[in-house]
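Reviewing the structure listed below.
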Amino acid sequence: MLELETREGSVILAVRVQPRASKDEIAGVIGGALKVRLRAPALEDRANVGLCELLAELLKTPKAAVRILSGHHSRSKRVEVRGVTREQVLGLVTHDS
């Protein structure tokens, strides 16, 4: 089950990133974190930017509403998304990319 925290109009979630994948996609939940595969490499912040862009696109929210709180140099990250509901984020798990 995806572990989420809601705070003042935003949702905070744990994300596990797999850079250099064959395509950008949500790959389910692993250890309470959303597993995300990204084509971008983990170089020069490209995977972090790709993660924010993918989440913004899937949640239909501006890129500026998605922010990495911790784990900038790690595969495990905490991400805050403003202006979305808990249900919208949980919907990512069943979303087919």
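Identifiers in this document derive from the order of the structure tokens: chains are assigned A, B, ..., residues are numbered from 1 separately in each chain, and ligands are numbered from 1 in order of occurrence.
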- request: Determine which residues of chain A receive a DSSP assignment of strand (DSSP E or B), computed from the backbone, and state them as number ranges by chain.
  value: A: 4-7, 10-18, 25-30, 33-37, 66-70, 76-82
Just the selected residues (N, CA, C and O atoms), exported as a compact mmCIF listing (two decimals), in the first residue's frame, please.
# COMPACT_ATOMS: atom_id res chain seq x y z
N LEU A 4 1.00 7.70 2.19
CA LEU A 4 0.85 9.12 1.85
C LEU A 4 0.67 9.94 3.12
O LEU A 4 0.11 9.47 4.09
N GLU A 5 1.09 11.19 3.04
CA GLU A 5 0.90 12.13 4.13
C GLU A 5 0.25 13.37 3.52
O GLU A 5 0.71 13.86 2.48
N THR A 6 -0.83 13.84 4.10
CA THR A 6 -1.47 15.05 3.57
C THR A 6 -1.17 16.21 4.51
O THR A 6 -1.15 16.06 5.72
N ARG A 7 -0.91 17.38 3.90
CA ARG A 7 -0.55 18.55 4.69
C ARG A 7 -0.95 19.82 3.94
O ARG A 7 -0.45 20.08 2.85
N SER A 10 -1.58 19.76 0.21
CA SER A 10 -0.59 19.02 -0.58
C SER A 10 -0.51 17.58 -0.08
O SER A 10 -0.95 17.26 1.01
N VAL A 11 0.04 16.73 -0.93
CA VAL A 11 0.23 15.32 -0.60
C VAL A 11 1.72 15.03 -0.68
O VAL A 11 2.39 15.42 -1.64
N ILE A 12 2.24 14.34 0.34
CA ILE A 12 3.66 13.96 0.37
C ILE A 12 3.73 12.45 0.25
O ILE A 12 3.01 11.73 0.95
N LEU A 13 4.58 11.99 -0.66
CA LEU A 13 4.71 10.55 -0.87
C LEU A 13 6.16 10.16 -1.04
O LEU A 13 7.00 10.98 -1.41
N ALA A 14 6.43 8.89 -0.74
CA ALA A 14 7.76 8.33 -0.97
C ALA A 14 7.78 7.80 -2.40
O ALA A 14 6.81 7.22 -2.88
N VAL A 15 8.91 8.03 -3.08
CA VAL A 15 9.07 7.58 -4.46
C VAL A 15 10.39 6.84 -4.57
O VAL A 15 11.40 7.27 -4.02
N ARG A 16 10.39 5.73 -5.28
CA ARG A 16 11.60 4.97 -5.58
C ARG A 16 11.82 5.07 -7.08
O ARG A 16 10.98 4.63 -7.87
N VAL A 17 12.92 5.67 -7.49
CA VAL A 17 13.18 5.96 -8.90
C VAL A 17 14.14 4.94 -9.51
O VAL A 17 15.13 4.56 -8.88
N GLN A 18 13.83 4.50 -10.72
CA GLN A 18 14.73 3.66 -11.49
C GLN A 18 15.10 4.43 -12.74
O GLN A 18 14.33 4.50 -13.71
N GLU A 25 7.31 5.49 -16.70
CA GLU A 25 6.07 4.86 -16.27
C GLU A 25 6.04 4.68 -14.76
O GLU A 25 7.08 4.67 -14.10
N ILE A 26 4.82 4.52 -14.25
CA ILE A 26 4.61 4.15 -12.85
C ILE A 26 4.63 2.62 -12.83
O ILE A 26 3.91 1.98 -13.59
N ALA A 27 5.48 2.05 -11.98
CA ALA A 27 5.66 0.60 -11.98
C ALA A 27 5.09 -0.06 -10.73
O ALA A 27 5.49 -1.16 -10.37
N GLY A 28 4.17 0.61 -10.03
CA GLY A 28 3.55 0.01 -8.86
C GLY A 28 4.09 0.58 -7.56
O GLY A 28 4.59 1.70 -7.53
N VAL A 29 3.96 -0.21 -6.50
CA VAL A 29 4.38 0.21 -5.17
C VAL A 29 5.38 -0.80 -4.64
O VAL A 29 5.18 -1.99 -4.77
N ILE A 30 6.46 -0.29 -4.06
CA ILE A 30 7.47 -1.16 -3.47
C ILE A 30 7.83 -0.59 -2.10
O ILE A 30 8.26 0.55 -1.99
N ALA A 33 6.48 2.83 -1.16
CA ALA A 33 6.86 3.94 -2.05
C ALA A 33 6.36 3.68 -3.46
O ALA A 33 6.27 2.53 -3.91
N LEU A 34 6.04 4.75 -4.17
CA LEU A 34 5.64 4.66 -5.57
C LEU A 34 6.88 4.38 -6.40
O LEU A 34 7.85 5.13 -6.33
N LYS A 35 6.88 3.29 -7.15
CA LYS A 35 8.03 2.97 -8.00
C LYS A 35 7.83 3.62 -9.36
O LYS A 35 6.80 3.42 -10.01
N VAL A 36 8.81 4.43 -9.76
CA VAL A 36 8.73 5.16 -11.03
C VAL A 36 9.95 4.84 -11.87
O VAL A 36 11.08 4.96 -11.41
N ARG A 37 9.70 4.41 -13.10
CA ARG A 37 10.79 4.17 -14.06
C ARG A 37 10.91 5.40 -14.95
O ARG A 37 9.91 5.90 -15.46
N VAL A 66 5.05 20.37 -8.14
CA VAL A 66 5.74 19.13 -7.74
C VAL A 66 7.15 19.48 -7.29
O VAL A 66 7.89 20.13 -8.02
N ARG A 67 7.48 19.04 -6.08
CA ARG A 67 8.78 19.42 -5.52
C ARG A 67 9.38 18.25 -4.75
O ARG A 67 8.68 17.56 -4.00
N ILE A 68 10.66 18.02 -4.93
CA ILE A 68 11.37 16.97 -4.20
C ILE A 68 11.81 17.54 -2.86
O ILE A 68 12.55 18.53 -2.81
N LEU A 69 11.34 16.93 -1.77
CA LEU A 69 11.67 17.42 -0.43
C LEU A 69 13.00 16.86 0.05
O LEU A 69 13.78 17.57 0.69
N SER A 70 13.25 15.59 -0.24
CA SER A 70 14.51 14.98 0.18
C SER A 70 14.88 13.85 -0.77
O SER A 70 14.02 13.33 -1.48
N SER A 76 15.69 6.84 -3.54
CA SER A 76 14.53 7.00 -2.65
C SER A 76 14.33 8.47 -2.35
O SER A 76 15.24 9.13 -1.86
N LYS A 77 13.14 8.97 -2.65
CA LYS A 77 12.87 10.41 -2.51
C LYS A 77 11.55 10.62 -1.78
O LYS A 77 10.69 9.75 -1.78
N ARG A 78 11.41 11.81 -1.20
CA ARG A 78 10.11 12.26 -0.67
C ARG A 78 9.68 13.42 -1.55
O ARG A 78 10.43 14.38 -1.72
N VAL A 79 8.48 13.31 -2.10
CA VAL A 79 8.00 14.29 -3.07
C VAL A 79 6.70 14.91 -2.55
O VAL A 79 5.82 14.20 -2.06
N GLU A 80 6.60 16.22 -2.69
CA GLU A 80 5.38 16.95 -2.32
C GLU A 80 4.69 17.40 -3.60
O GLU A 80 5.34 17.96 -4.49
N VAL A 81 3.38 17.17 -3.67
CA VAL A 81 2.59 17.64 -4.80
C VAL A 81 1.47 18.51 -4.23
O VAL A 81 0.65 18.04 -3.45
N ARG A 82 1.47 19.78 -4.62
CA ARG A 82 0.46 20.72 -4.13
C ARG A 82 -0.77 20.73 -5.05
O ARG A 82 -0.65 20.55 -6.26
Residue list (alpha helix (DSSP H), DSSP) for chain A, as a PyMOL selection string: chain A and resi 46-59+86-94
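You can rank A:Leu59, A:Glu44, A:Asp24, A:His73 by their closest distance to A:Thr85 using only C-alpha atoms, and at the top of that list sits A:Leu59.
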For A:Leu43, the closest of A:Ser74, A:Leu90, A:Lys63, A:Glu8 counting only C-alpha atoms is A:Ser74
The distance between atom CA of A:Leu2 and atom CA of A:Val49 is 22.1 Å
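When only C-alpha atoms are used to compute distances to A:Gly32, the closest of the residues A:Val93, A:Met1, A:Leu58, A:Ala64 turns out to be A:Met1.
Nearest-residue note for A:Gly91: choosing from A:Ala65, A:Arg20, A:Leu55, A:Arg46, the minimum distance belongs to A:Leu55, counting only C-alpha atoms.
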Computed gap from atom CA of A:Arg86 to atom CA of A:Glu3 is 10.2 Å
